[in-house]
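K.L.:
Take a look at protein-v2.txt, compact mmCIF, C-alpha atoms:
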# COMPACT_ATOMS: atom_id res chain seq x y z
CA MET A 180 -28.95 43.14 103.32
CA ASN A 181 -27.89 44.97 106.44
CA HIS A 182 -25.13 42.40 107.25
CA LEU A 183 -22.64 43.46 104.59
CA PRO A 184 -21.51 46.76 106.13
CA ARG A 185 -21.21 45.06 109.52
CA VAL A 186 -18.94 42.33 108.14
CA THR A 187 -16.70 44.80 106.32
CA GLY A 188 -16.66 46.93 109.45
CA SER A 189 -15.49 44.10 111.69
CA CYS A 190 -12.95 43.00 109.08
CA LEU A 191 -11.52 46.51 109.00
CA LEU A 192 -11.45 46.66 112.79
CA LEU A 193 -9.66 43.31 112.97
CA GLY A 194 -7.15 44.49 110.40
CA ILE A 195 -6.45 47.66 112.31
CA LEU A 196 -6.11 45.77 115.56
CA LEU A 197 -3.74 43.20 114.06
CA SER A 198 -1.55 45.74 112.32
CA GLY A 199 -1.54 47.74 115.50
CA CYS A 200 -0.24 44.77 117.45
CA THR A 201 2.47 43.45 115.16
CA PRO A 202 5.17 46.11 115.72
CA THR A 203 5.44 45.47 119.47
CA VAL A 204 5.59 41.69 118.90
CA LYS A 205 8.33 42.05 116.32
CA ILE A 206 10.58 44.27 118.39
CA GLU A 207 10.90 41.98 121.43
CA PRO A 208 12.54 38.67 120.31
CA PRO A 209 16.07 39.75 119.24
CA ASP A 210 17.22 40.85 122.72
CA LYS A 211 16.83 37.71 124.81
CA PRO A 212 18.26 34.87 122.65
CA ILE A 213 21.58 36.71 122.30
CA VAL A 214 22.02 36.91 126.08
CA ILE A 215 21.29 33.19 126.51
CA ASN A 216 23.78 32.24 123.78
CA LEU A 217 26.53 34.21 125.50
CA ASN A 218 25.93 32.39 128.77
CA VAL A 219 26.13 29.01 127.08
CA LYS A 220 29.42 30.01 125.45
CA ILE A 221 30.99 31.11 128.73
CA GLU A 222 29.86 27.96 130.53
CA HIS A 223 31.25 25.87 127.71
CA GLU A 224 34.62 27.58 127.95
CA ILE A 225 34.80 26.98 131.70
CA ARG A 226 33.92 23.34 131.20
CA ILE A 227 36.71 22.91 128.69
CA LYS A 228 39.20 24.60 131.03
CA VAL A 229 38.12 22.45 133.98
CA ASP A 230 38.25 19.37 131.78
CA LYS A 231 41.86 20.08 130.85
CA ALA A 232 42.91 20.81 134.42
CA LEU A 233 41.29 17.56 135.57
CA ASP A 234 42.98 15.55 132.82
CA ASP A 235 46.34 16.74 134.16
CA LEU A 236 45.31 16.05 137.75
CA VAL A 237 43.87 12.59 137.13
CA SER A 238 47.09 11.44 135.43
CA ASN A 239 48.89 12.00 138.78
CA ASN A 240 49.53 8.44 139.95
CA GLU A 241 50.08 9.42 143.57
CA LEU A 242 46.51 10.64 143.99
CA PHE A 243 44.60 8.58 141.43
CA MET B 32 73.59 16.50 162.99
CA LYS B 33 74.47 15.41 159.47
CA THR B 34 73.49 11.80 160.11
CA ARG B 35 70.17 12.94 161.55
CA ILE B 36 69.35 14.87 158.40
CA MET B 37 70.41 11.92 156.28
CA THR B 38 68.18 9.53 158.22
CA LEU B 39 65.30 11.96 157.94
CA LEU B 40 65.82 12.23 154.18
CA CYS B 41 66.07 8.45 153.85
CA ALA B 42 62.91 7.99 155.90
CA LEU B 43 61.07 10.53 153.77
CA LEU B 44 62.23 8.88 150.58
CA LEU B 45 61.26 5.43 151.82
CA SER B 46 57.84 6.49 153.10
CA PHE B 47 57.20 8.31 149.84
CA SER B 48 57.93 5.30 147.65
CA SER B 49 56.10 2.81 149.87
CA PHE B 50 53.14 5.16 149.92
CA ALA B 51 53.02 5.40 146.11
CA ILE B 52 53.11 1.62 145.87
CA SER B 53 50.45 1.09 148.47
CA LEU B 54 47.82 3.09 146.60
CA GLN B 55 48.34 1.03 143.45
CA ASP B 56 48.56 -2.14 145.56
CA ALA B 57 45.39 -1.28 147.42
CA LYS B 58 43.66 -0.75 144.07
CA ASP B 59 45.02 -4.00 142.63
CA GLN B 60 43.88 -5.95 145.69
CA GLY B 61 40.40 -4.42 145.60
CA LEU B 62 40.81 -2.84 149.04
CA VAL B 63 39.87 0.63 147.80
CA GLY B 64 37.53 1.88 145.10
CA GLU B 65 36.54 5.02 143.23
CA GLN B 66 33.28 6.64 144.33
CA LEU B 67 30.89 8.71 142.19
CA ASN B 68 31.79 11.84 144.18
CA GLY B 69 35.43 11.93 143.07
CA TYR B 70 36.92 10.52 146.26
CA LEU B 71 38.49 7.20 147.17
CA ALA B 72 36.74 4.84 149.63
CA VAL B 73 37.60 1.72 151.61
CA VAL B 74 35.96 -1.34 150.03
CA LYS B 75 37.62 -4.03 152.20
CA PRO B 76 39.11 -2.86 155.50
CA ALA B 77 42.78 -3.80 155.99
CA ALA B 78 45.76 -2.46 157.90
CA GLY B 79 46.67 1.07 156.87
CA VAL B 80 43.99 1.35 154.20
CA ALA B 81 41.78 3.80 156.12
CA GLU B 82 44.78 6.12 156.68
CA LEU B 83 45.78 5.87 153.04
CA VAL B 84 42.25 6.76 151.87
CA LYS B 85 42.06 9.69 154.28
CA ASP B 86 45.40 11.06 153.15
CA ILE B 87 44.66 10.68 149.43
CA ASN B 88 41.23 12.26 149.76
CA ALA B 89 42.60 15.28 151.64
CA LYS B 90 45.11 15.85 148.84
CA ARG B 91 42.44 15.36 146.18
CA GLN B 92 40.15 17.83 147.89
CA ALA B 93 42.89 20.45 147.95
CA GLN B 94 43.40 20.01 144.20
CA TYR B 95 39.66 20.12 143.49
CA GLU B 96 39.38 23.32 145.52
CA LYS B 97 42.20 24.88 143.53
CA ILE B 98 40.54 24.10 140.18
CA ALA B 99 37.12 25.23 141.47
CA LYS B 100 38.54 28.54 142.64
CA GLN B 101 40.39 29.18 139.37
CA ASN B 102 37.17 28.71 137.38
CA GLY B 103 34.61 30.13 139.79
CA ILE B 104 32.58 26.94 140.13
CA GLY B 105 31.68 24.63 143.02
CA VAL B 106 34.12 22.10 144.48
CA ALA B 107 31.48 19.35 144.27
CA ASP B 108 31.05 20.00 140.53
CA VAL B 109 34.78 19.67 139.95
CA ALA B 110 34.88 16.49 142.06
CA LYS B 111 32.00 14.98 140.10
CA LEU B 112 33.70 15.67 136.77
CA ALA B 113 36.87 14.12 138.17
CA ALA B 114 34.90 11.03 139.23
CA GLU B 115 33.68 10.54 135.65
CA LYS B 116 37.24 10.66 134.35
CA VAL B 117 38.73 8.44 137.06
CA ILE B 118 36.03 5.80 136.73
CA ALA B 119 36.34 5.85 132.94
CA LYS B 120 40.11 5.34 133.04
CA ALA B 121 40.16 2.82 135.93
CA GLU B 122 41.99 -0.40 135.11
CA LYS B 123 40.17 -3.69 134.66
CA GLY B 124 39.74 -5.50 137.99
CA HIS B 125 39.74 -2.29 140.04
CA MET B 126 36.70 -1.45 142.16
CA ILE B 127 34.37 1.34 141.02
CA GLN B 128 30.88 2.51 141.93
CA ASP B 129 28.08 2.02 139.42
CA SER B 130 25.35 4.63 138.86
CA HIS B 131 23.43 3.27 141.89
CA GLY B 132 26.45 3.54 144.19
CA ASN B 133 27.09 -0.23 144.38
CA TRP B 134 30.66 -1.54 144.24
CA ILE B 135 31.47 -3.40 141.06
CA LYS B 136 34.67 -4.80 139.58
CA LYS B 137 35.53 -3.07 136.36
Any chance you could give the structure as structure tokens?
P.N.:
Amino acid sequence: MNHLPRVTGSCLLLGILLSGCTPTVKIEPPDKPIVINLNVKIEHEIRIKVDKALDDLVSNNELF
Amino acid sequence: MKTRIMTLLCALLLSFSSFAISLQDAKDQGLVGEQLNGYLAVVKPAAGVAELVKDINAKRQAQYEKIAKQNGIGVADVAKLAAEKVIAKAEKGHMIQDSHGNWIKK
């Protein structure tokens, strides 16, 4: 008969702990993925530019 | 003086055209091949081939360096991308390096 208050107590504690944790977890993700996406875009643009420059170069019959 | 300039011009013109032919000839005869690093290499040694390869590679390197500088990337990266293109567009019967670096006839 003494168990019931203990169980409700630990459930409450768990609830408080969980709700206490969630805000910090939720705030972090948005920042990092955006930075990574930007880098990929810039690298992609450079690759396309280099690709075009090389296409022009490679069609030079004196060197290739 | 005038004749000297004319001879010089003629010599330049002649060397230029014979040079352009010799690269294609060297390729057709399988004397030179395209490496994975974007530079030409001697496959079968013959007269003048080593000089031709050296000259072509120096000019290629200068072009690779220009593109690398314009885009802020490494020269080796540019050369490697060039190798992919050159090997892909090489004519049938010309020598190219496979992924292990062995010479094969395309």
K.L.:
Could you give me, as a tab-separated table, a per-residue list for chain B showing, wherever an atom lies at most 7 Å from an atom of chain A, the closest pair of atoms and their distance in Å to one decimal, using all atoms listed in the file and sorting by chain then residue number from low to high?
P.N.:
residue	atom	partner	partner_atom	distance
B:Ala51	CA	A:Glu241	CA	5.6
B:Ile87	CA	A:Leu242	CA	5.7
B:Arg91	CA	A:Leu242	CA	6.6
B:Ile98	CA	A:Val229	CA	6.9
B:Asn102	CA	A:Ile225	CA	6.4
B:Ala113	CA	A:Leu233	CA	6.2
B:Val117	CA	A:Val237	CA	6.6
K.L.:
Using only C-alpha atoms, which residue out of B:Val106, B:Leu112, B:Ile127, B:Ala89 lies closest to Ile227 of chain A?
P.N.:
B:Leu112
K.L.:
Of the candidates A:Asn239, A:Leu191, A:Val186, A:Asn218, which one gets nearest to Leu54 of chain B if we count only C-alpha atoms?
P.N.:
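For Leu54 of chain B, the nearest of the candidates is A:Asn239.
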K.L.:
I'd like the neighbourhood of segment 68-81 of chain B as a list in words, where a residue qualifies if any of its atoms comes within 6 Å (using all atoms listed in the file), though same-chain residues fewer than 3 positions away should be ignored.
P.N.:
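Near neighbours after the sequence-gap exclusion: Leu62, Val63, Gly64, Glu65, Val84, Asn88, Ala110, Lys111, Ala113 and Ala114 of chain B.
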K.L.:
Could you please determine the separation between atom CA of Ile135 of chain B and atom CA of Ala93 of chain B in Å, to one decimal place?
P.N.:
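Answer for the atom CA of Ile135 of chain B to atom CA of Ala93 of chain B separation: 27.3 Å.
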